[in-house]
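Raw protein-v5.txt, compact mmCIF, C-alpha atoms and all ligand atoms:
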```
# COMPACT_ATOMS: atom_id res chain seq x y z
CA MET A 1 -21.57 7.97 19.73
CA GLY A 2 -18.07 7.88 18.32
CA ALA A 3 -17.90 11.18 16.42
CA ILE A 4 -14.28 12.34 16.41
CA ASP A 5 -13.26 15.87 15.56
CA LEU A 6 -9.64 16.84 14.85
CA ARG A 7 -8.93 20.57 14.78
CA LYS A 8 -5.60 21.91 13.59
CA ILE A 9 -3.76 18.98 15.13
CA GLU A 10 0.05 19.29 15.11
CA LYS A 11 2.82 17.05 16.34
CA TRP A 12 6.37 18.17 16.93
CA TYR A 13 9.28 15.96 17.97
CA GLY A 14 11.68 18.69 19.08
CA ASP A 15 12.19 20.87 16.01
CA LEU A 16 10.74 18.25 13.66
CA GLN A 17 7.08 18.73 12.76
CA VAL A 18 5.58 15.41 11.69
CA ILE A 19 1.85 16.35 11.75
CA LYS A 20 1.18 19.72 10.20
CA GLY A 21 -2.24 21.05 11.16
CA ILE A 22 -4.79 18.36 10.43
CA ASP A 23 -8.52 19.13 10.33
CA LEU A 24 -10.82 16.14 10.04
CA GLN A 25 -14.34 15.30 11.15
CA ILE A 26 -15.09 11.63 11.54
CA ASN A 27 -18.75 10.70 11.73
CA GLU A 28 -20.43 8.35 14.13
CA GLY A 29 -20.07 4.78 12.91
CA GLU A 30 -17.83 5.72 10.00
CA PHE A 31 -14.98 3.52 8.76
CA VAL A 32 -12.09 5.88 8.04
CA VAL A 33 -8.78 4.62 6.69
CA PHE A 34 -5.51 6.56 6.96
CA VAL A 35 -3.18 5.63 4.12
CA GLY A 36 0.16 6.92 2.96
CA PRO A 37 3.77 5.83 2.62
CA SER A 38 5.93 4.78 5.52
CA GLY A 39 6.85 7.70 7.76
CA CYS A 40 4.04 10.02 6.63
CA GLY A 41 2.59 10.19 10.15
CA LYS A 42 -0.24 7.63 10.14
CA SER A 43 0.69 5.99 13.44
CA THR A 44 1.50 9.29 15.10
CA LEU A 45 -1.90 10.69 14.20
CA LEU A 46 -3.71 7.54 15.37
CA ARG A 47 -1.74 7.46 18.61
CA MET A 48 -2.62 11.09 19.30
CA ILE A 49 -6.30 10.25 18.84
CA GLY A 50 -5.91 7.30 21.22
CA GLY A 51 -4.00 9.38 23.76
CA LEU A 52 -0.78 7.36 23.52
CA GLU A 53 1.05 10.34 22.09
CA GLU A 54 0.72 13.92 23.30
CA ILE A 55 -0.93 16.42 20.95
CA SER A 56 1.50 19.34 20.48
CA ARG A 57 -1.10 21.81 19.22
CA GLY A 58 -4.77 21.74 18.25
CA THR A 59 -7.79 20.13 19.82
CA LEU A 60 -9.41 16.72 19.75
CA GLU A 61 -13.09 16.26 20.51
CA ILE A 62 -14.98 13.02 20.96
CA ASP A 63 -18.76 13.39 20.82
CA GLY A 64 -18.41 17.11 21.43
CA ALA A 65 -16.19 16.82 24.52
CA ASP A 66 -12.65 18.20 24.46
CA VAL A 67 -10.37 15.23 25.26
CA THR A 68 -7.12 16.81 24.03
CA SER A 69 -5.38 16.30 27.36
CA ASP A 70 -7.28 13.28 28.63
CA PRO A 71 -5.44 10.00 29.29
CA PRO A 72 -6.32 7.01 27.05
CA SER A 73 -8.56 5.49 29.73
CA LYS A 74 -10.90 8.49 29.61
CA ARG A 75 -11.40 8.52 25.85
CA GLY A 76 -13.51 5.39 25.50
CA LEU A 77 -11.48 4.18 22.52
CA SER A 78 -9.65 0.94 21.98
CA MET A 79 -6.49 0.29 19.96
CA VAL A 80 -5.55 -2.87 18.05
CA PHE A 81 -1.92 -3.17 16.98
CA GLN A 82 -0.06 -5.33 14.48
CA SER A 83 1.77 -7.11 17.26
CA TYR A 84 -0.90 -8.93 19.22
CA ALA A 85 0.76 -8.54 22.62
CA LEU A 86 -1.30 -11.34 24.13
CA TYR A 87 -0.35 -12.67 27.56
CA PRO A 88 1.29 -16.05 26.85
CA HIS A 89 0.45 -17.57 30.25
CA MET A 90 -3.27 -16.76 30.01
CA SER A 91 -6.00 -18.56 28.11
CA VAL A 92 -7.90 -16.86 25.31
CA ARG A 93 -10.79 -16.26 27.73
CA GLU A 94 -8.46 -14.70 30.31
CA ASN A 95 -6.71 -12.56 27.69
CA MET A 96 -10.02 -11.24 26.41
CA GLY A 97 -11.43 -10.54 29.86
CA PHE A 98 -8.28 -9.13 31.44
CA SER A 99 -9.05 -5.41 31.06
CA LEU A 100 -12.53 -5.88 32.52
CA LYS A 101 -11.08 -7.89 35.39
CA THR A 102 -8.55 -5.18 36.24
CA ALA A 103 -11.39 -2.66 36.07
CA GLY A 104 -13.16 -4.71 38.76
CA ALA A 105 -16.07 -6.06 36.71
CA PRO A 106 -17.89 -9.08 38.21
CA LYS A 107 -17.06 -12.49 36.75
CA SER A 108 -20.58 -13.04 35.39
CA GLU A 109 -20.36 -9.81 33.38
CA ILE A 110 -16.84 -10.61 32.11
CA ASP A 111 -17.93 -14.11 31.03
CA ALA A 112 -21.00 -12.76 29.23
CA LYS A 113 -18.99 -10.14 27.34
CA VAL A 114 -16.20 -12.56 26.42
CA ASP A 115 -18.76 -15.13 25.22
CA GLU A 116 -20.47 -12.53 23.06
CA ALA A 117 -17.16 -11.33 21.55
CA ALA A 118 -16.07 -14.94 20.97
CA ARG A 119 -19.33 -15.60 19.14
CA VAL A 120 -18.87 -12.57 16.86
CA LEU A 121 -15.24 -13.52 16.16
CA LYS A 122 -15.84 -17.27 15.91
CA LEU A 123 -13.42 -17.91 18.75
CA GLU A 124 -15.73 -20.08 20.85
CA PRO A 125 -13.79 -23.34 20.28
CA TYR A 126 -10.53 -21.73 21.38
CA LEU A 127 -11.46 -20.00 24.64
CA ASP A 128 -9.46 -22.38 26.83
CA ARG A 129 -6.33 -22.42 24.67
CA ARG A 130 -3.13 -20.51 25.25
CA PRO A 131 -2.05 -18.03 22.52
CA LYS A 132 0.83 -20.25 21.39
CA ALA A 133 -1.69 -22.93 20.36
CA LEU A 134 -3.41 -20.50 17.96
CA SER A 135 -2.76 -19.52 14.36
CA GLY A 136 -1.76 -15.96 13.47
CA GLY A 137 -5.27 -15.12 12.35
CA GLN A 138 -6.79 -16.54 15.53
CA ARG A 139 -4.38 -14.50 17.64
CA GLN A 140 -5.33 -11.35 15.80
CA ARG A 141 -8.99 -12.18 16.46
CA VAL A 142 -8.22 -12.49 20.17
CA ALA A 143 -6.52 -9.08 20.06
CA ILE A 144 -9.64 -7.64 18.44
CA GLY A 145 -11.79 -9.50 20.97
CA ARG A 146 -9.98 -7.79 23.81
CA SER A 147 -11.09 -4.50 22.31
CA ILE A 148 -14.68 -5.57 21.74
CA VAL A 149 -15.29 -6.60 25.36
CA ARG A 150 -14.46 -3.08 26.48
CA ASP A 151 -17.30 -1.80 24.31
CA PRO A 152 -15.36 1.20 22.99
CA THR A 153 -17.05 4.12 21.24
CA ALA A 154 -14.45 3.72 18.49
CA PHE A 155 -11.81 1.21 17.41
CA LEU A 156 -8.35 2.34 16.35
CA PHE A 157 -6.39 -0.14 14.22
CA ASP A 158 -2.70 0.33 13.39
CA GLU A 159 -1.82 -2.01 10.50
CA PRO A 160 -3.44 -4.94 12.30
CA LEU A 161 -2.93 -7.39 9.43
CA SER A 162 0.60 -6.60 8.34
CA ASN A 163 2.10 -9.59 10.17
CA LEU A 164 -0.22 -12.08 8.47
CA ASP A 165 0.37 -13.95 5.23
CA ALA A 166 -1.49 -12.83 2.12
CA ALA A 167 -4.35 -15.36 2.26
CA LEU A 168 -5.03 -14.68 5.92
CA ARG A 169 -4.90 -10.93 5.32
CA VAL A 170 -7.72 -11.24 2.83
CA GLU A 171 -9.76 -13.36 5.22
CA MET A 172 -9.21 -10.99 8.17
CA ARG A 173 -10.00 -7.97 6.02
CA TYR A 174 -13.36 -9.56 5.35
CA GLU A 175 -13.80 -10.30 9.07
CA ILE A 176 -13.08 -6.70 9.99
CA ALA A 177 -15.62 -5.45 7.44
CA LYS A 178 -18.20 -7.82 8.94
CA LEU A 179 -17.31 -6.63 12.42
CA HIS A 180 -17.93 -3.05 11.38
CA ASN A 181 -21.32 -4.01 10.01
CA ALA A 182 -22.20 -5.98 13.13
CA LEU A 183 -21.08 -3.40 15.68
CA GLY A 184 -21.75 -0.20 13.75
CA ARG A 185 -18.93 1.48 15.64
CA THR A 186 -16.56 4.14 14.41
CA MET A 187 -13.35 2.59 13.13
CA ILE A 188 -10.13 4.35 12.23
CA TYR A 189 -7.80 2.04 10.40
CA VAL A 190 -4.19 2.69 9.46
CA THR A 191 -2.61 0.82 6.57
CA HIS A 192 -0.10 1.31 3.80
CA ASP A 193 -2.00 -1.27 1.72
CA GLN A 194 -4.12 0.35 -1.00
CA VAL A 195 -6.36 -2.69 -1.44
CA GLU A 196 -7.21 -2.77 2.26
CA ALA A 197 -7.99 0.94 2.13
CA MET A 198 -10.16 0.71 -0.97
CA THR A 199 -12.17 -2.28 0.24
CA LEU A 200 -12.71 -1.30 3.89
CA ALA A 201 -13.15 2.46 3.90
CA ASP A 202 -16.22 4.64 3.89
CA ARG A 203 -13.68 7.44 3.50
CA ILE A 204 -9.96 7.37 2.88
CA VAL A 205 -7.58 10.00 4.25
CA VAL A 206 -4.39 10.11 2.18
CA LEU A 207 -1.50 11.47 4.24
CA GLU A 208 1.61 12.98 2.71
CA TYR A 209 4.36 14.06 5.13
CA GLY A 210 2.00 15.09 7.92
CA THR A 211 -0.61 16.82 5.80
CA ILE A 212 -3.81 15.56 4.20
CA ALA A 213 -3.32 15.16 0.46
CA GLN A 214 -6.99 14.24 -0.05
CA VAL A 215 -10.04 12.94 1.81
CA GLY A 216 -12.83 11.12 0.03
CA THR A 217 -14.67 7.91 -0.67
CA PRO A 218 -12.63 5.21 -2.41
CA ARG A 219 -14.54 5.97 -5.61
CA GLU A 220 -13.84 9.72 -5.38
CA LEU A 221 -10.15 9.15 -4.84
CA TYR A 222 -9.93 6.67 -7.67
CA GLN A 223 -11.95 8.71 -10.14
CA THR A 224 -10.76 12.22 -9.24
CA PRO A 225 -7.44 12.09 -7.44
CA ALA A 226 -6.43 15.58 -6.26
CA ASN A 227 -2.86 15.22 -7.47
CA LEU A 228 -0.26 12.81 -8.79
CA PHE A 229 0.71 11.68 -5.30
CA VAL A 230 -2.84 10.49 -4.60
CA ALA A 231 -3.21 8.99 -8.07
CA GLN A 232 -0.01 6.99 -7.71
CA PHE A 233 -0.84 5.91 -4.22
CA ILE A 234 -4.39 4.83 -4.95
CA GLY A 235 -3.31 3.28 -8.22
CA SER A 236 -5.84 5.15 -10.35
CA PRO A 237 -5.08 5.57 -14.05
CA ALA A 238 -4.92 9.43 -13.88
P1 LIG B 1 3.89 6.00 9.67
O1 LIG B 1 3.07 5.33 10.72
O2 LIG B 1 3.07 6.68 8.63
O3 LIG B 1 4.89 5.09 9.05
P2 LIG B 1 4.94 7.51 11.91
O4 LIG B 1 3.75 8.21 12.45
O5 LIG B 1 5.41 6.31 12.64
O6 LIG B 1 4.71 7.19 10.37
O7 LIG B 1 6.15 8.54 11.84
C1 LIG B 1 6.02 9.83 11.29
C2 LIG B 1 7.33 10.56 11.41
O8 LIG B 1 7.58 10.84 12.78
C3 LIG B 1 8.54 9.78 10.90
O9 LIG B 1 9.41 10.67 10.27
C4 LIG B 1 9.13 9.22 12.17
O10 LIG B 1 10.52 9.02 12.01
C5 LIG B 1 8.85 10.32 13.16
N1 LIG B 1 8.72 9.82 14.54
C6 LIG B 1 7.82 8.92 14.99
N2 LIG B 1 7.95 8.71 16.32
C7 LIG B 1 8.98 9.51 16.71
C8 LIG B 1 9.62 9.77 17.99
N3 LIG B 1 9.21 9.16 19.10
N4 LIG B 1 10.63 10.67 17.99
C9 LIG B 1 11.03 11.31 16.87
N5 LIG B 1 10.46 11.12 15.65
C10 LIG B 1 9.46 10.24 15.58
MG MG B 2 3.03 3.32 11.37
```

Could you write out this structure as structure tokens?
Amino acid sequence: MGAIDLRKIEKWYGDLQVIKGIDLQINEGEFVVFVGPSGCGKSTLLRMIGGLEEISRGTLEIDGADVTSDPPSKRGLSMVFQSYALYPHMSVRENMGFSLKTAGAPKSEIDAKVDEAARVLKLEPYLDRRPKALSGGQRQRVAIGRSIVRDPTAFLFDEPLSNLDAALRVEMRYEIAKLHNALGRTMIYVTHDQVEAMTLADRIVVLEYGTIAQVGTPRELYQTPANLFVAQFIGSPA
């Protein structure tokens, strides 16, 4: 569950091509990080996978099924953004359970799933609080918790830690790694932070103006960067 197959994916905004024919197979349970400088197309690619942005050309398969034209709700994925977008008037419990509630799940099931996610994320003491009474890191955990309760086949993260201060970023990076170990789910994680990429990824995809400059394990990219762009970006001595 959670194998994602990109075939010759392109994105055009009018005459401007921002994603230029990307082929990538993501394995079940893999942690894949998209890195690259601002504007290289990381978010666009992630949003196309999530169904928030139309795919101009190419096909997207999830677990062997063609989902290229499916709406986000049919893809079984969940996105976590850098802005937490929590509902200010709802408690942590209500925020985390909201999508299940709107889907018509019974209260007992919602409570059980929220409790389980809160346990994994160490949010149990905060379930009755409003978002404004939480720290930045706690809010980001709630945002991740909202994804967990939906039990997605894969998690899509778009720079989820970029609004946090440096110390909290390190702590949350560790939390996300633990979450991947605990859940064993496919995760696709966008960042422009090399350290995040190197520490979290099973494989890193380096994007350069809408094309893949290199795909490999952190060690492969560091030891044998394909070109100067990758070397400079990864910070290897080559
Ligand atoms: P990144 O996430 O790597 O910073 P983006 O995926 O946001 O990059 O953007 C890739 C390119 O696509 C940029 O040149 C950006 O200006 C352009 N772009 C993104 N969204 C739109 C849009 N809605 N209309 C036109 N151009 C866009
Ligand atoms: Mg972006």

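Here CA of Asp111 in chain A stands at a distance of 21.9 Å from CA of Arg185 in chain A.
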
Contacts of ligand LIG 1 (chain B), 8 Å or closer, all atoms listed in the file, given as a ChimeraX atom specification: /A:13-14,16-19,35-45,190,192,207,209-210

Hey, what's within 10 Å of Ile144 in chain A if we count only C-alpha atoms and toss same-chain stuff fewer than 5 positions away? As a PyMOL selection string, please? chain A and resi 78-81+84+96+117+121+138-139+149+155+157+160+176+179

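Here CA of Ile49 in chain A stands at a distance of 11.8 Å from CA of Ile22 in chain A.
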
Give, as JSON, the centre coordinates and the x, y and z edge lengths in Å to one decimal for an axis-aligned box around all listed atoms of range 93-98 of chain A, padded by 4 Å on each side.
```
{"center_x": -9.1, "center_y": -12.7, "center_z": 28.9, "size_x": 12.7, "size_y": 15.1, "size_z": 13.0}
```

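The space between CA of Lys20 in chain A and CA of Arg57 in chain A spans 9.5 Å.
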
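Proximity ranking of A:Arg93, A:Arg146, A:Lys101, A:Lys74 relative to Pro125 in chain A places A:Arg93 first, based on only C-alpha atoms.
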
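Using all atoms listed in the file, the contacts of Tyr222 in chain A at a cut-off of 8 Å, with sequence neighbours closer than 2 positions omitted, comprise A:Pro218, A:Arg219, A:Glu220, A:Thr224, A:Pro225, A:Ala231, A:Ile234, A:Gly235, A:Ser236.
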
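Residues in contact with Met1 in chain A at 8 Å, where all atoms listed in the file are counted and same-chain residues fewer than 6 positions away are skipped, are listed as Glu28, Gly29, Asp63 and Thr153 of chain A.
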
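Using all atoms listed in the file, the nearest neighbour of Glu208 in chain A within the list A:Val114, A:Val230, A:Ala177, A:Leu183 is A:Val230.
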
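Distance check against Asp151 in chain A using all atoms listed in the file: of A:Thr199, A:Gln194, A:Ser108, A:Ser99, the minimum falls on A:Ser99.
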
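If all atoms listed in the file are the atoms counted, then among A:Thr186, A:Thr191, A:Gly145, A:Glu54 the closest residue to ligand MG 2 (chain B) is A:Thr191.
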
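Closest approach to Leu134 in chain A among A:Val32, A:Ile55, A:Val195, A:Leu86: A:Leu86, based on all atoms listed in the file.
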
Give me the residues near Gly21 in chain A as a compact mmCIF listing (two decimals) with C-alpha atoms, in the coordinates of the input, where near means some atom within 10 Å (using all atoms listed in the file) and where sequence neighbours in that chain fewer than 6 positions away do not count.
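See around_6.txt below for the written result:
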```txt
# COMPACT_ATOMS: atom_id res chain seq x y z
CA LEU A 6 -9.64 16.84 14.85
CA ARG A 7 -8.93 20.57 14.78
CA LYS A 8 -5.60 21.91 13.59
CA ILE A 9 -3.76 18.98 15.13
CA GLU A 10 0.05 19.29 15.11
CA LYS A 11 2.82 17.05 16.34
CA ARG A 57 -1.10 21.81 19.22
CA GLY A 58 -4.77 21.74 18.25
CA GLY A 210 2.00 15.09 7.92
CA THR A 211 -0.61 16.82 5.80
CA ILE A 212 -3.81 15.56 4.20
```
